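Undergrad: My structure is below; once you've seen it, I'll send some questions.
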Amino acid sequence: MKANTYFITGGLGFIGAHFVHHLHTQDPSAKIVVIDKITYAANPMRLADLLAKGNCILEEANIANEAQMQALFTAYTPQIVINFAAESHVDNSIAGPAVFLETNVKGTFTLLEAARKLWMESPNQIKSEYQKACFYHISTDEVFGSLGEKGAFNEQSNYAPNSPYSASKAAADHWVRSYHHTYGLPTLLSYCSNNFGPFQHAEKLIPTIVRNALKGNDIPIYGNGKNIRDWLYVEDHCTAISSILARGKKGETYAIGGNNEHSNIALCDAILTLLDKIHPKGNGTSYRAQIKFVSDRPGHDYRYAIDPIKIQNELGWKPKVSFENALEITLRHYLEQYLKG
Ligand SMILES: NC(=O)c1ccc[n+]([C@@H]2O[C@H](COP(=O)([O-])OP(=O)(O)OC[C@H]3O[C@@H](n4cnc5c(N)ncnc54)[C@H](O)[C@@H]3O)[C@@H](O)[C@H]2O)c1
C-alpha cells in the first residue's frame with residue numbers, strides 16, 4: 001500500500017513540531033512534508049533530527065500564497081493536510097492584527113481551495129484516489145470567548161471571539177465548515193485549550209516565568225492573576241489529534257481538554273514551588289517573591305475550560321500524562337535551556 005503523504009503546515013511551531021515527531025513515531029513510513037513560512041515563532045531546531053535523517057521534508061512557503069500552495073499540492077499530492085500554521089500570540093494580534101487576517105483566515109482559505117481542487121471531482125464527489133483524504137484544521141477554545149465561574153465550552157458552544165487572534169481563528173473555522181457543507185470536502189476540526197510543554201516560544205507564559213525567575217527579574221503576571229485556563233500537555237494534544245484523525249467523523253468538530261483548570265497565579269506558584277525544590281536560590285528565598293502583577297491585557301478573557309466528553313466517549317481518548325509529571329518535564333526542559341544560556 002502506498003504510504004500516506006501528510007502536509008503539516010506550521011510544523012516548525014510548538015505544537016506542529018511535537019505532532020511531526022509523534023506522527024513519525026506512530027507511522028514511520030508516512031511521507032511528512034512540513035510547510036512553514038519560518039516566522040519568528042518557527043524554530044527549525046525542533047525538527048533538526050528528523051530533517052537530518054530525511055524523515056520529513058521542509059518546504060519554506062506561506063499558506064496564504066496561492067501560487068506556492070498550488071505548486072506544492074501539485075508536486076506532492078497529499079492525502080492529509082493538518083493545518084497548524086497560524087499567528088498564535090494574542091498580544092501580537094492586539095499590536096498588529098493584519099497578519100492574523102492574512103495567515104489565519106486567507107491562509108486557511110488558500111489551503112482549503114488547494115485541497116478542493118486536488119481532491120474533489122465536483123461538489124460531494126471525491127476523486128477515487130483521494131477517498132481517504134482529510135483536511136484537519138487546528139482551532140482553539142478562544143473562539144468561544146470567555147466563561148464565568150461555571151460551565152465549560154463544548155462543540156455546541158456559540159462563537160464569541162474577543163481578540164483579533166480569536167476572531168481570525170473563528171473566521172477560519174467557518175470557512176472550514178462551509179467547505180464541508182458546500183463541497184463535501186472531508187474535514188475535521190478540533191478546539192483545544194492552552195497547551196504547554198517543552199520547546200514553546202519564549203513569549204509564552206511558562207517559559208516567561210522560568211526565564212525571569214532564573215535571571216532574578218520580576219516575573220510579570222497580568223492583572224490580578226486570577227484568569228483561568230484549562231492546561232493541556234502538548235503530548236496529550238498530539239494523541240488526541242491522532243485519535244480524531246483515525247476515528248473522527250468527517251465534518252465533525254471535537255473539543256480537546258485536560259480537565260485541568262488553573263488560574264495564572266496558581267500555575268505560576270506551582271512552577272516556582274517546583275523550581276524552589278529542584279533548583280533552589282542560593283540565598284534561601286523563594287522565586288515566588290519575584291512575582292509582579294502588571295497592567296492587564298486589554299479585553300483579557302477571564303476563563304476558558306473545555307468539556308472533553310465527546311472525544312472521551314466517542315473516540316476513547318483521555319490525557320495520559322498527569323499534570324504534575326507534565327509540569328516537571330516542562331520545567332526541567334526550560335531549566336536546562338536557560339541555564340545553558
Ligand atoms: N499553543 C496553544 O496553547 C494553542 C492552543 C489552542 C490552539 N492553538 C492553535 O494551534 C496551532 C499551533 O499553535 P502553536 O502554539 O504551535 O503556534 P506557533 O506560533 O508556535 O507556531 C506557528 C507556526 O506557523 C508558522 N506560520 C505562521 N504563519 C505562517 C504562514 N503564513 N504560512 C506558513 N507557516 C506559517 C510559524 O512559522 C510557526 O512555525 C495554531 O493554529 C494555534 O492557533 C494553539
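The way I read the labels, and the way they are meant: chains A, B, ... in the order of the C-alpha cells, residue 1 as the first residue of every chain, and ligand 1 as the first ligand shown, with later ones counted on from there.
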Apply DSSP to the backbone of this structure and, from stretch 11-225 of chain A, keep only the residues in strand (DSSP E or B); write these as an mmCIF file with C-alpha atoms, in the first residue's frame.

TA:
data_model
loop_
_atom_site.group_PDB
_atom_site.id
_atom_site.type_symbol
_atom_site.label_atom_id
_atom_site.label_comp_id
_atom_site.auth_asym_id
_atom_site.auth_seq_id
_atom_site.Cartn_x
_atom_site.Cartn_y
_atom_site.Cartn_z
ATOM 1 C CA LYS A 31 5.815 10.921 3.983
ATOM 2 C CA ILE A 32 5.740 14.109 6.035
ATOM 3 C CA VAL A 33 6.033 17.468 4.307
ATOM 4 C CA VAL A 34 6.291 20.422 6.673
ATOM 5 C CA ILE A 35 5.110 23.700 5.159
ATOM 6 C CA ASP A 36 6.232 26.687 7.167
ATOM 7 C CA ILE A 57 10.834 17.385 4.254
ATOM 8 C CA LEU A 58 10.728 21.126 4.917
ATOM 9 C CA GLU A 59 9.144 23.483 2.385
ATOM 10 C CA GLU A 60 9.504 27.154 3.250
ATOM 11 C CA ILE A 80 -3.872 14.509 4.560
ATOM 12 C CA VAL A 81 -3.453 18.177 5.433
ATOM 13 C CA ILE A 82 -3.190 19.227 9.065
ATOM 14 C CA ASN A 83 -3.253 22.975 9.433
ATOM 15 C CA MET A 120 -12.764 16.860 -5.455
ATOM 16 C CA GLU A 121 -14.215 15.820 -8.814
ATOM 17 C CA SER A 122 -17.239 18.025 -8.168
ATOM 18 C CA GLN A 125 -17.700 13.738 -5.225
ATOM 19 C CA ILE A 126 -14.193 12.878 -4.088
ATOM 20 C CA CYS A 134 -8.712 14.669 5.097
ATOM 21 C CA PHE A 135 -8.326 18.369 5.840
ATOM 22 C CA TYR A 136 -7.794 18.712 9.603
ATOM 23 C CA HIS A 137 -7.897 22.227 10.993
ATOM 24 C CA ILE A 138 -6.462 23.052 14.417
ATOM 25 C CA SER A 139 -8.629 25.622 16.178
ATOM 26 C CA THR A 140 -8.739 26.959 19.712
ATOM 27 C CA LEU A 147 -16.606 31.892 30.565
ATOM 28 C CA PHE A 153 -17.096 25.003 26.258
ATOM 29 C CA THR A 187 -12.788 17.967 7.095
ATOM 30 C CA LEU A 188 -12.075 17.560 10.778
ATOM 31 C CA LEU A 189 -11.648 20.367 13.277
ATOM 32 C CA SER A 190 -10.638 20.442 16.915
ATOM 33 C CA TYR A 191 -10.677 23.126 19.574
ATOM 34 C CA CYS A 192 -8.094 22.784 22.256
ATOM 35 C CA ASN A 195 -1.018 23.812 25.533
ATOM 36 C CA PHE A 196 2.194 23.566 27.495
ATOM 37 C CA ILE A 219 8.007 37.666 36.945
ATOM 38 C CA PRO A 220 5.162 39.527 35.191
ATOM 39 C CA ILE A 221 1.598 38.274 35.732
ATOM 40 C CA TYR A 222 -1.291 40.083 34.051
#

Undergrad: Hey, which residues sit close to ligand 1? Say within 7 Å, counting only C-alpha atoms and all ligand atoms, and write them as an mmCIF file with N, CA and C atoms, in the first residue's frame.

TA:
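Writing the result to selection.cif gives the following:
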data_model
loop_
_atom_site.group_PDB
_atom_site.id
_atom_site.type_symbol
_atom_site.label_atom_id
_atom_site.label_comp_id
_atom_site.auth_asym_id
_atom_site.auth_seq_id
_atom_site.Cartn_x
_atom_site.Cartn_y
_atom_site.Cartn_z
ATOM 1 N N THR A 9 1.226 21.914 8.087
ATOM 2 C CA THR A 9 1.544 23.343 8.000
ATOM 3 C C THR A 9 1.875 23.855 9.400
ATOM 4 N N GLY A 10 2.820 24.772 9.473
ATOM 5 C CA GLY A 10 3.229 25.272 10.794
ATOM 6 C C GLY A 10 3.982 24.210 11.588
ATOM 7 N N GLY A 11 4.599 23.270 10.885
ATOM 8 C CA GLY A 11 5.283 22.159 11.562
ATOM 9 C C GLY A 11 6.573 22.542 12.263
ATOM 10 N N LEU A 12 7.037 23.778 12.061
ATOM 11 C CA LEU A 12 8.210 24.234 12.844
ATOM 12 C C LEU A 12 7.773 24.983 14.105
ATOM 13 N N GLY A 13 6.448 25.092 14.300
ATOM 14 C CA GLY A 13 5.942 25.752 15.505
ATOM 15 C C GLY A 13 5.912 24.775 16.673
ATOM 16 N N PHE A 14 5.422 25.258 17.791
ATOM 17 C CA PHE A 14 5.448 24.481 19.034
ATOM 18 C C PHE A 14 4.657 23.175 18.909
ATOM 19 N N ILE A 15 3.360 23.269 18.629
ATOM 20 C CA ILE A 15 2.535 22.050 18.617
ATOM 21 C C ILE A 15 2.812 21.242 17.347
ATOM 22 N N GLY A 16 2.938 21.947 16.215
ATOM 23 C CA GLY A 16 3.170 21.258 14.946
ATOM 24 C C GLY A 16 4.411 20.372 15.011
ATOM 25 N N ILE A 35 5.191 22.426 5.895
ATOM 26 C CA ILE A 35 5.110 23.700 5.159
ATOM 27 C C ILE A 35 5.120 24.820 6.195
ATOM 28 N N ASP A 36 6.112 25.656 6.133
ATOM 29 C CA ASP A 36 6.232 26.687 7.167
ATOM 30 C C ASP A 36 6.850 27.950 6.570
ATOM 31 N N LYS A 37 6.289 29.078 6.953
ATOM 32 C CA LYS A 37 6.811 30.366 6.468
ATOM 33 C C LYS A 37 8.075 30.768 7.232
ATOM 34 N N ILE A 38 8.348 30.029 8.279
ATOM 35 C CA ILE A 38 9.504 30.296 9.157
ATOM 36 C C ILE A 38 9.443 31.733 9.675
ATOM 37 N N THR A 39 8.376 32.014 10.390
ATOM 38 C CA THR A 39 8.235 33.321 11.047
ATOM 39 C C THR A 39 9.076 33.304 12.323
ATOM 40 N N TYR A 40 8.997 34.386 13.092
ATOM 41 C CA TYR A 40 9.728 34.471 14.359
ATOM 42 C C TYR A 40 9.378 33.292 15.272
ATOM 43 N N ALA A 41 8.157 32.717 15.097
ATOM 44 C CA ALA A 41 7.688 31.659 16.017
ATOM 45 C C ALA A 41 8.230 30.284 15.646
ATOM 46 N N ALA A 42 8.812 30.178 14.447
ATOM 47 C CA ALA A 42 9.316 28.872 13.997
ATOM 48 C C ALA A 42 10.700 28.623 14.582
ATOM 49 N N ASN A 43 10.987 27.354 14.778
ATOM 50 C CA ASN A 43 12.333 27.003 15.220
ATOM 51 C C ASN A 43 12.743 25.693 14.545
ATOM 52 N N ALA A 61 7.305 28.081 2.828
ATOM 53 C CA ALA A 61 6.254 28.673 1.992
ATOM 54 C C ALA A 61 5.179 29.276 2.888
ATOM 55 N N ASN A 62 4.399 30.175 2.280
ATOM 56 C CA ASN A 62 3.355 30.908 3.005
ATOM 57 C C ASN A 62 2.004 30.306 2.642
ATOM 58 N N ILE A 63 1.261 29.845 3.645
ATOM 59 C CA ILE A 63 -0.031 29.201 3.327
ATOM 60 C C ILE A 63 -1.016 30.172 2.682
ATOM 61 N N ALA A 64 -0.770 31.476 2.795
ATOM 62 C CA ALA A 64 -1.678 32.455 2.176
ATOM 63 C C ALA A 64 -1.281 32.775 0.730
ATOM 64 N N ASN A 83 -3.600 21.556 9.444
ATOM 65 C CA ASN A 83 -3.253 22.975 9.433
ATOM 66 C C ASN A 83 -3.001 23.522 10.838
ATOM 67 N N PHE A 84 -1.727 23.505 11.224
ATOM 68 C CA PHE A 84 -1.306 24.113 12.495
ATOM 69 C C PHE A 84 -0.858 25.560 12.264
ATOM 70 N N ALA A 85 -0.542 25.923 11.020
ATOM 71 C CA ALA A 85 0.086 27.230 10.768
ATOM 72 C C ALA A 85 -0.842 28.356 11.193
ATOM 73 N N ALA A 86 -0.309 29.259 11.963
ATOM 74 C CA ALA A 86 -1.106 30.407 12.405
ATOM 75 C C ALA A 86 -0.182 31.426 13.049
ATOM 76 N N GLU A 87 -0.649 32.652 13.066
ATOM 77 C CA GLU A 87 -0.127 33.614 14.033
ATOM 78 C C GLU A 87 -0.879 33.288 15.298
ATOM 79 N N SER A 88 -0.172 33.057 16.408
ATOM 80 C CA SER A 88 -0.834 32.433 17.559
ATOM 81 C C SER A 88 -0.772 33.236 18.853
ATOM 82 N N HIS A 89 -0.153 34.404 18.829
ATOM 83 C CA HIS A 89 0.010 35.104 20.117
ATOM 84 C C HIS A 89 -0.967 36.273 20.241
ATOM 85 N N THR A 103 -2.711 35.371 7.547
ATOM 86 C CA THR A 103 -2.321 33.958 7.742
ATOM 87 C C THR A 103 -3.497 33.099 8.190
ATOM 88 N N GLY A 107 -4.937 32.328 4.755
ATOM 89 C CA GLY A 107 -4.109 31.121 4.657
ATOM 90 C C GLY A 107 -4.966 29.856 4.701
ATOM 91 N N ILE A 138 -6.695 22.905 12.970
ATOM 92 C CA ILE A 138 -6.462 23.052 14.417
ATOM 93 C C ILE A 138 -6.999 24.416 14.867
ATOM 94 N N SER A 139 -8.049 24.365 15.674
ATOM 95 C CA SER A 139 -8.629 25.622 16.178
ATOM 96 C C SER A 139 -8.316 25.767 17.669
ATOM 97 N N THR A 140 -9.025 26.647 18.310
ATOM 98 C CA THR A 140 -8.739 26.959 19.712
ATOM 99 C C THR A 140 -10.038 27.202 20.485
ATOM 100 N N ASP A 141 -10.001 26.962 21.790
ATOM 101 C CA ASP A 141 -11.186 27.259 22.613
ATOM 102 C C ASP A 141 -11.450 28.761 22.689
ATOM 103 N N LYS A 169 -9.213 33.125 14.083
ATOM 104 C CA LYS A 169 -9.361 31.671 14.177
ATOM 105 C C LYS A 169 -10.828 31.281 13.960
ATOM 106 N N TYR A 191 -10.929 21.953 18.732
ATOM 107 C CA TYR A 191 -10.677 23.126 19.574
ATOM 108 C C TYR A 191 -9.885 22.637 20.766
ATOM 109 N N CYS A 192 -8.768 23.246 21.045
ATOM 110 C CA CYS A 192 -8.094 22.784 22.256
ATOM 111 C C CYS A 192 -7.805 23.965 23.162
ATOM 112 N N SER A 193 -7.541 23.614 24.395
ATOM 113 C CA SER A 193 -7.254 24.628 25.401
ATOM 114 C C SER A 193 -5.756 24.943 25.372
ATOM 115 N N ASN A 194 -5.288 25.707 26.350
ATOM 116 C CA ASN A 194 -3.887 26.141 26.379
ATOM 117 C C ASN A 194 -2.934 24.954 26.467
ATOM 118 N N ASN A 195 -2.022 24.876 25.519
ATOM 119 C CA ASN A 195 -1.018 23.812 25.533
ATOM 120 C C ASN A 195 0.216 24.251 26.312
ATOM 121 N N PHE A 196 0.884 23.273 26.913
ATOM 122 C CA PHE A 196 2.194 23.566 27.495
ATOM 123 C C PHE A 196 3.096 22.366 27.284
ATOM 124 N N GLN A 200 8.307 25.501 23.731
ATOM 125 C CA GLN A 200 7.357 26.572 23.420
ATOM 126 C C GLN A 200 8.149 27.861 23.217
ATOM 127 N N HIS A 201 7.587 28.769 22.430
ATOM 128 C CA HIS A 201 8.300 30.028 22.168
ATOM 129 C C HIS A 201 8.461 30.815 23.483
#

Undergrad: Mind checking which residues fall within 8 Å of A:Leu50, counting only C-alpha atoms, ignoring those fewer than 5 positions away in the same chain, and posting them as a ChimeraX atom specification?

TA: /A:21,55-56

Undergrad: Could you give me, as an MDAnalysis selection string, the residues within 10 Å of A:Ile206, counting only C-alpha atoms and dropping anything in the same chain fewer than 4 positions from it?

TA: chainID A and resid 196:198 200:202 210:211 264 267:268 271 327 330:331 334

Undergrad: Write a file of the selected residues as an mmCIF file, in the first residue's frame, keeping C-alpha atoms.

TA:
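The result, written out as selection.cif:
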data_model
loop_
_atom_site.group_PDB
_atom_site.id
_atom_site.type_symbol
_atom_site.label_atom_id
_atom_site.label_comp_id
_atom_site.auth_asym_id
_atom_site.auth_seq_id
_atom_site.Cartn_x
_atom_site.Cartn_y
_atom_site.Cartn_z
ATOM 1 C CA PHE A 196 2.194 23.566 27.495
ATOM 2 C CA GLY A 197 5.357 21.527 27.213
ATOM 3 C CA PRO A 198 8.978 21.727 26.060
ATOM 4 C CA GLN A 200 7.357 26.572 23.420
ATOM 5 C CA HIS A 201 8.300 30.028 22.168
ATOM 6 C CA ALA A 202 9.925 32.261 24.805
ATOM 7 C CA VAL A 210 11.089 30.264 34.250
ATOM 8 C CA ARG A 211 13.398 32.632 32.330
ATOM 9 C CA ASN A 264 -2.399 32.025 36.018
ATOM 10 C CA LEU A 267 0.137 27.872 37.747
ATOM 11 C CA CYS A 268 2.944 30.347 38.420
ATOM 12 C CA ILE A 271 6.090 26.213 38.790
ATOM 13 C CA LEU A 327 4.846 20.266 34.566
ATOM 14 C CA THR A 330 8.388 21.037 31.060
ATOM 15 C CA LEU A 331 10.184 22.857 33.857
ATOM 16 C CA TYR A 334 13.375 25.198 30.291
#

Undergrad: Expressed in Å to a single decimal, how great is the separation between atom CA of A:Val90 and atom CA of A:His300?

TA: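 Atom CA of A:Val90 sits 9.4 Å away from atom CA of A:His300.
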
Undergrad: Could you go through stretch 182-268 of chain A and tell me which residues DSSP, when run on the backbone, assigns to helix (DSSP H, G or I), listing them as a tab-separated table (two decimals) with N, CA and C atoms, in the first residue's frame?

TA:
chain	number	residue	atom	x	y	z
A	182	THR	N	-20.65	22.77	1.70
A	182	THR	CA	-20.93	23.12	0.31
A	182	THR	C	-20.33	22.11	-0.68
A	183	TYR	N	-19.07	21.74	-0.43
A	183	TYR	CA	-18.36	20.91	-1.43
A	183	TYR	C	-18.20	19.46	-0.99
A	205	LEU	N	3.61	31.97	28.42
A	205	LEU	CA	3.61	32.17	29.88
A	205	LEU	C	4.66	31.33	30.63
A	206	ILE	N	4.70	30.02	30.39
A	206	ILE	CA	5.60	29.18	31.22
A	206	ILE	C	7.08	29.51	30.97
A	207	PRO	N	7.53	29.58	29.70
A	207	PRO	CA	8.93	29.98	29.51
A	207	PRO	C	9.24	31.36	30.10
A	208	THR	N	8.27	32.27	30.02
A	208	THR	CA	8.49	33.62	30.58
A	208	THR	C	8.70	33.55	32.09
A	209	ILE	N	7.92	32.71	32.76
A	209	ILE	CA	8.05	32.58	34.22
A	209	ILE	C	9.45	32.02	34.56
A	210	VAL	N	9.83	30.94	33.89
A	210	VAL	CA	11.09	30.26	34.25
A	210	VAL	C	12.29	31.17	33.93
A	211	ARG	N	12.26	31.79	32.75
A	211	ARG	CA	13.40	32.63	32.33
A	211	ARG	C	13.62	33.78	33.32
A	212	ASN	N	12.53	34.48	33.66
A	212	ASN	CA	12.67	35.62	34.57
A	212	ASN	C	13.05	35.18	35.97
A	213	ALA	N	12.51	34.04	36.39
A	213	ALA	CA	12.86	33.53	37.72
A	213	ALA	C	14.37	33.32	37.80
A	214	LEU	N	14.93	32.66	36.80
A	214	LEU	CA	16.36	32.32	36.83
A	214	LEU	C	17.25	33.55	36.73
A	215	LYS	N	16.76	34.58	36.00
A	215	LYS	CA	17.57	35.80	35.85
A	215	LYS	C	17.47	36.71	37.06
A	234	VAL	N	1.18	19.12	25.72
A	234	VAL	CA	1.24	19.07	24.26
A	234	VAL	C	1.26	17.63	23.73
A	235	GLU	N	1.89	16.70	24.48
A	235	GLU	CA	1.92	15.31	24.00
A	235	GLU	C	0.51	14.70	24.05
A	236	ASP	N	-0.28	15.11	25.04
A	236	ASP	CA	-1.67	14.63	25.10
A	236	ASP	C	-2.47	15.22	23.95
A	237	HIS	N	-2.16	16.47	23.59
A	237	HIS	CA	-2.84	17.07	22.44
A	237	HIS	C	-2.53	16.24	21.18
A	238	CYS	N	-1.28	15.82	21.03
A	238	CYS	CA	-0.90	15.04	19.84
A	238	CYS	C	-1.66	13.71	19.78
A	239	THR	N	-1.82	13.03	20.93
A	239	THR	CA	-2.55	11.76	20.89
A	239	THR	C	-4.02	12.00	20.57
A	240	ALA	N	-4.54	13.15	21.02
A	240	ALA	CA	-5.94	13.47	20.70
A	240	ALA	C	-6.09	13.70	19.19
A	241	ILE	N	-5.15	14.42	18.60
A	241	ILE	CA	-5.23	14.67	17.15
A	241	ILE	C	-5.18	13.35	16.38
A	242	SER	N	-4.30	12.45	16.80
A	242	SER	CA	-4.21	11.13	16.15
A	242	SER	C	-5.52	10.37	16.25
A	243	SER	N	-6.14	10.40	17.44
A	243	SER	CA	-7.42	9.69	17.62
A	243	SER	C	-8.49	10.28	16.70
A	244	ILE	N	-8.52	11.60	16.62
A	244	ILE	CA	-9.54	12.25	15.78
A	244	ILE	C	-9.29	11.91	14.30
A	245	LEU	N	-8.04	11.95	13.93
A	245	LEU	CA	-7.68	11.64	12.53
A	245	LEU	C	-8.07	10.19	12.19
A	246	ALA	N	-7.83	9.30	13.14
A	246	ALA	CA	-8.09	7.87	12.86
A	246	ALA	C	-9.58	7.54	12.92
A	247	ARG	N	-10.28	8.12	13.90
A	247	ARG	CA	-11.65	7.64	14.13
A	247	ARG	C	-12.71	8.74	14.13
A	264	ASN	N	-3.79	31.73	36.38
A	264	ASN	CA	-2.40	32.03	36.02
A	264	ASN	C	-1.51	32.09	37.26
A	265	ILE	N	-2.04	32.66	38.33
A	265	ILE	CA	-1.20	32.80	39.53
A	265	ILE	C	-0.98	31.43	40.19
A	266	ALA	N	-1.99	30.56	40.14
A	266	ALA	CA	-1.81	29.22	40.73
A	266	ALA	C	-0.78	28.43	39.92
A	267	LEU	N	-0.84	28.57	38.60
A	267	LEU	CA	0.14	27.87	37.75
A	267	LEU	C	1.54	28.40	38.04
A	268	CYS	N	1.65	29.72	38.15
A	268	CYS	CA	2.94	30.35	38.42
A	268	CYS	C	3.49	29.87	39.77
